[in-house]
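For reference, protein28.tsv is printed below; it contains TSV, C-alpha atoms.
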chain	number	residue	atom	x	y	z
O	236	MET	CA	-19.10	11.00	-24.34
O	237	ILE	CA	-17.52	12.77	-21.41
O	238	PRO	CA	-19.67	15.64	-20.09
O	239	LYS	CA	-18.16	19.11	-20.53
O	240	SER	CA	-18.33	19.67	-16.76
O	241	TYR	CA	-16.02	16.65	-16.28
O	242	GLN	CA	-13.61	17.99	-18.88
O	243	LYS	CA	-13.60	21.40	-17.19
O	244	SER	CA	-12.83	19.84	-13.80
O	245	TYR	CA	-10.01	17.80	-15.27
O	246	GLN	CA	-8.67	20.89	-17.05
O	247	ASN	CA	-8.59	22.76	-13.72
O	248	PHE	CA	-6.79	19.82	-12.14
O	249	HIS	CA	-4.35	19.66	-15.08
O	250	ASP	CA	-3.65	23.39	-14.76
O	251	SER	CA	-2.88	23.03	-11.05
O	252	LEU	CA	-0.54	20.12	-11.82
O	253	THR	CA	1.20	22.24	-14.48
O	254	ASN	CA	1.68	25.02	-11.94
O	255	LEU	CA	3.20	22.55	-9.49
O	256	GLY	CA	5.39	21.13	-12.27
O	257	ASP	CA	6.71	24.61	-13.02
O	258	GLN	CA	7.84	24.92	-9.42
O	259	VAL	CA	9.82	21.69	-9.41
O	260	THR	CA	11.71	22.61	-12.56
O	261	VAL	CA	13.17	25.92	-11.38
O	262	ARG	CA	16.80	26.10	-10.36
O	263	ASN	CA	16.26	27.07	-6.72
O	264	ILE	CA	13.23	25.18	-5.54
O	265	ASP	CA	11.14	26.42	-2.62
O	266	ILE	CA	9.92	23.34	-0.74
O	267	GLY	CA	7.44	25.40	1.28
O	268	LYS	CA	5.83	26.81	-1.84
O	269	ILE	CA	5.79	23.38	-3.48
O	270	SER	CA	4.03	21.96	-0.40
O	271	GLN	CA	1.42	24.71	-0.50
O	272	ASN	CA	0.74	24.12	-4.17
O	273	PHE	CA	0.53	20.38	-3.61
O	274	GLN	CA	-2.16	21.02	-1.00
O	275	ALA	CA	-4.01	23.12	-3.58
O	276	VAL	CA	-3.71	20.25	-6.10
O	277	GLN	CA	-5.10	17.83	-3.51
O	278	GLY	CA	-7.95	20.23	-2.76
O	279	ILE	CA	-8.92	20.46	-6.42
O	280	PHE	CA	-8.77	16.69	-6.71
O	281	GLN	CA	-10.98	16.17	-3.68
O	282	GLU	CA	-13.49	18.89	-4.54
O	283	GLN	CA	-13.69	18.62	-8.32
O	284	ILE	CA	-12.53	15.14	-9.35
O	285	LEU	CA	-13.56	12.76	-6.58
O	286	THR	CA	-17.08	14.14	-6.65
O	287	LEU	CA	-17.52	13.07	-10.29
O	288	THR	CA	-19.34	9.77	-10.66
O	289	THR	CA	-19.88	7.37	-13.49
O	290	ASP	CA	-23.65	7.99	-13.41
O	291	GLU	CA	-23.53	10.41	-16.34
O	292	LEU	CA	-21.24	8.22	-18.44
O	293	ALA	CA	-22.13	5.60	-20.98
O	294	PRO	CA	-21.71	2.11	-19.55
O	295	SER	CA	-19.18	1.33	-22.27
O	296	ILE	CA	-16.68	3.84	-20.86
O	297	ALA	CA	-17.65	3.95	-17.18
O	298	SER	CA	-15.19	1.22	-16.13
O	299	ARG	CA	-12.33	2.81	-18.09
O	300	TYR	CA	-13.12	6.18	-16.53
O	301	GLN	CA	-13.17	4.61	-13.07
O	302	SER	CA	-9.80	2.95	-13.74
O	303	ILE	CA	-8.25	6.27	-14.72
O	304	GLN	CA	-9.69	7.98	-11.66
O	305	THR	CA	-8.25	5.20	-9.47
O	306	GLU	CA	-4.81	5.59	-11.08
O	307	ILE	CA	-4.94	9.34	-10.53
O	308	TYR	CA	-5.74	8.80	-6.87
O	309	ARG	CA	-2.92	6.27	-6.47
O	310	THR	CA	-0.36	8.43	-8.28
O	311	LEU	CA	-1.37	11.53	-6.33
O	312	ARG	CA	-0.75	9.66	-3.08
O	313	LEU	CA	2.67	8.53	-4.35
O	314	LEU	CA	3.44	12.11	-5.32
O	315	GLY	CA	2.61	13.24	-1.78
O	316	THR	CA	4.95	10.61	-0.33
O	317	ASP	CA	7.72	11.59	-2.72
O	318	LEU	CA	7.34	15.24	-1.78
O	319	LEU	CA	7.85	14.24	1.87
O	320	PHE	CA	11.01	12.39	0.86
O	321	LEU	CA	12.11	15.43	-1.14
O	322	ARG	CA	11.63	17.65	1.88
O	323	SER	CA	13.80	15.37	4.01
O	324	SER	CA	16.61	14.92	1.48
O	325	ARG	CA	19.88	16.53	2.49
O	326	LYS	CA	22.34	15.65	-0.27
O	327	GLN	CA	22.22	17.31	-3.68
O	328	GLY	CA	22.24	13.95	-5.48
O	329	THR	CA	19.33	12.64	-3.44
O	330	THR	CA	17.42	15.86	-3.98
O	331	GLU	CA	17.88	15.59	-7.74
O	332	GLN	CA	16.69	11.97	-7.72
O	333	ARG	CA	13.62	12.90	-5.69
O	334	LEU	CA	12.86	15.83	-7.98
O	335	GLN	CA	12.98	13.54	-11.01
O	336	ILE	CA	10.57	11.11	-9.35
O	337	VAL	CA	8.22	14.00	-8.54
O	338	ARG	CA	8.41	15.22	-12.15
O	339	ASP	CA	7.64	11.72	-13.41
O	340	HIS	CA	4.56	11.47	-11.20
O	341	LEU	CA	3.39	14.89	-12.36
O	342	GLU	CA	3.78	13.84	-16.01
O	343	GLN	CA	1.75	10.69	-15.32
O	344	LEU	CA	-1.01	12.69	-13.66
O	345	MET	CA	-1.13	15.21	-16.48
O	346	GLY	CA	-1.28	12.35	-18.98
O	347	TYR	CA	-4.28	10.85	-17.20
O	348	CYS	CA	-5.99	14.24	-17.30
O	349	GLN	CA	-5.30	14.56	-21.02
O	350	VAL	CA	-6.99	11.20	-21.64
O	351	ILE	CA	-10.18	12.58	-20.10
O	352	ILE	CA	-9.93	16.09	-21.55
O	353	THR	CA	-9.30	14.93	-25.12
O	354	GLU	CA	-11.70	12.01	-24.79
O	355	GLU	CA	-9.05	9.46	-25.69
O	356	ILE	CA	-10.94	7.20	-23.34
O	357	PHE	CA	-13.20	6.33	-26.30
O	358	GLU	CA	-10.38	5.22	-28.57
O	359	LYS	CA	-9.41	2.14	-26.57
O	360	LYS	CA	-11.58	-0.96	-26.36
Using structure tokens, write down the structure that the file contains.
Amino acid sequence: MIPKSYQKSYQNFHDSLTNLGDQVTVRNIDIGKISQNFQAVQGIFQEQILTLTTDELAPSIASRYQSIQTEIYRTLRLLGTDLLFLRSSRKQGTTEQRLQIVRDHLEQLMGYCQVIITEEIFEKK
């Protein structure tokens, strides 16, 4: 079973990702504001998610949990890179492509959070 404190941390992280997602879906995006919110997302990840260990988890789910945490870390880094590319895009078509990639990464990250929050981690063997 996932401790409630873990679920709360992942819910906070999910909420920050949702907030960032809302900003990349508006008609007139504000790259500066998106960058600030991405920094907040990274801060929550570093302070609340990376500090969680597998010590409190049952051995049967510890490796799956660690895999999810690794994928979150990897996808968050890709999101950061894509936001840099978004910032440097000049053409409307390129900007739209970059925004879609950013949205896709955000959906992935939120999906990983949902697996932890809803304890779907137990359903797979």
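One finds CA of Thr253 in chain O at 14.2 Å from CA of Lys268 in chain O.
CA of Ser324 in chain O sits 24.6 Å away from CA of Tyr308 in chain O.
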Checklist entry - What does the distance between CA of Leu319 in chain O and CA of Val337 in chain O come to in Å, to one decimal place? => result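 Distance between the two atoms: 10.4 Å.
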Item to check | Top pick for closest residue to Ser240 in chain O, considering O:Thr289, O:Asp339, O:Asn263, O:Gln283 and counting all atoms listed in the file | outcome: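 Smallest distance to Ser240 in chain O is found for O:Gln283.
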Next on the checklist: Within 12 Å of (8.8, 13.9, -15.3) in the file's own coordinates, which protein, DNA or RNA residues have an atom, counting only C-alpha atoms? List them as a PyMOL selection string.
Outcome noted: chain O and resi 252-253+255-257+259-260+314+331-346
Write a file of the selected residues as a PDB file, keeping the file's coordinate frame, keeping C-alpha atoms.
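Final output, part_15.pdb:
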ATOM      1  CA  LEU O 252      -0.540  20.120 -11.820  1.00  0.00           C
ATOM      2  CA  THR O 253       1.200  22.240 -14.480  1.00  0.00           C
ATOM      3  CA  LEU O 255       3.200  22.550  -9.490  1.00  0.00           C
ATOM      4  CA  GLY O 256       5.390  21.130 -12.270  1.00  0.00           C
ATOM      5  CA  ASP O 257       6.710  24.610 -13.020  1.00  0.00           C
ATOM      6  CA  VAL O 259       9.820  21.690  -9.410  1.00  0.00           C
ATOM      7  CA  THR O 260      11.710  22.610 -12.560  1.00  0.00           C
ATOM      8  CA  LEU O 314       3.440  12.110  -5.320  1.00  0.00           C
ATOM      9  CA  GLU O 331      17.880  15.590  -7.740  1.00  0.00           C
ATOM     10  CA  GLN O 332      16.690  11.970  -7.720  1.00  0.00           C
ATOM     11  CA  ARG O 333      13.620  12.900  -5.690  1.00  0.00           C
ATOM     12  CA  LEU O 334      12.860  15.830  -7.980  1.00  0.00           C
ATOM     13  CA  GLN O 335      12.980  13.540 -11.010  1.00  0.00           C
ATOM     14  CA  ILE O 336      10.570  11.110  -9.350  1.00  0.00           C
ATOM     15  CA  VAL O 337       8.220  14.000  -8.540  1.00  0.00           C
ATOM     16  CA  ARG O 338       8.410  15.220 -12.150  1.00  0.00           C
ATOM     17  CA  ASP O 339       7.640  11.720 -13.410  1.00  0.00           C
ATOM     18  CA  HIS O 340       4.560  11.470 -11.200  1.00  0.00           C
ATOM     19  CA  LEU O 341       3.390  14.890 -12.360  1.00  0.00           C
ATOM     20  CA  GLU O 342       3.780  13.840 -16.010  1.00  0.00           C
ATOM     21  CA  GLN O 343       1.750  10.690 -15.320  1.00  0.00           C
ATOM     22  CA  LEU O 344      -1.010  12.690 -13.660  1.00  0.00           C
ATOM     23  CA  MET O 345      -1.130  15.210 -16.480  1.00  0.00           C
ATOM     24  CA  GLY O 346      -1.280  12.350 -18.980  1.00  0.00           C
TER      25      GLY O 346
END
Got a sec to check which residues sit within 12 Å of (-15.0, 4.3, -15.3), counting only C-alpha atoms, and write them as an mmCIF file with C-alpha atoms, in the frame of the given file?
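Heads up, here's the output in out-v2.cif:
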data_model
loop_
_atom_site.group_PDB
_atom_site.id
_atom_site.type_symbol
_atom_site.label_atom_id
_atom_site.label_comp_id
_atom_site.auth_asym_id
_atom_site.auth_seq_id
_atom_site.Cartn_x
_atom_site.Cartn_y
_atom_site.Cartn_z
ATOM 1 C CA MET O 236 -19.100 11.000 -24.340
ATOM 2 C CA ILE O 237 -17.520 12.770 -21.410
ATOM 3 C CA LEU O 287 -17.520 13.070 -10.290
ATOM 4 C CA THR O 288 -19.340 9.770 -10.660
ATOM 5 C CA THR O 289 -19.880 7.370 -13.490
ATOM 6 C CA ASP O 290 -23.650 7.990 -13.410
ATOM 7 C CA GLU O 291 -23.530 10.410 -16.340
ATOM 8 C CA LEU O 292 -21.240 8.220 -18.440
ATOM 9 C CA ALA O 293 -22.130 5.600 -20.980
ATOM 10 C CA PRO O 294 -21.710 2.110 -19.550
ATOM 11 C CA SER O 295 -19.180 1.330 -22.270
ATOM 12 C CA ILE O 296 -16.680 3.840 -20.860
ATOM 13 C CA ALA O 297 -17.650 3.950 -17.180
ATOM 14 C CA SER O 298 -15.190 1.220 -16.130
ATOM 15 C CA ARG O 299 -12.330 2.810 -18.090
ATOM 16 C CA TYR O 300 -13.120 6.180 -16.530
ATOM 17 C CA GLN O 301 -13.170 4.610 -13.070
ATOM 18 C CA SER O 302 -9.800 2.950 -13.740
ATOM 19 C CA ILE O 303 -8.250 6.270 -14.720
ATOM 20 C CA GLN O 304 -9.690 7.980 -11.660
ATOM 21 C CA THR O 305 -8.250 5.200 -9.470
ATOM 22 C CA GLU O 306 -4.810 5.590 -11.080
ATOM 23 C CA ILE O 351 -10.180 12.580 -20.100
ATOM 24 C CA ILE O 356 -10.940 7.200 -23.340
ATOM 25 C CA PHE O 357 -13.200 6.330 -26.300
#
Item to check | Given all atoms listed in the file as the counted atoms, nearest of O:Glu355, O:Asp265, O:Thr316, O:Asn247 to Gly278 in chain O | outcome: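 For Gly278 in chain O, the nearest of the given residues is O:Asn247.
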Please enclose the listed atoms of range 292-311 of chain O in an axis-aligned box, pad each side by 4 Å, and write out the centre and the three edge lengths in Å, rounded to one decimal, as lines of an AutoDock Vina configuration file.
center_x = -11.2
center_y = 6.4
center_z = -14.3
size_x = 29.8
size_y = 18.3
size_z = 23.9
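Using all atoms listed in the file, the protein and nucleic acid residues lying no more than 10 Å from Ile279 in chain O, apart from those fewer than 2 places from it along its own chain, are Ser244, Tyr245, Asn247, Phe248, His249, Ser251, Leu252, Phe273, Gln274, Ala275, Val276, Gln277, Gln281, Glu282, Gln283, Ile284 and Leu285 of chain O.
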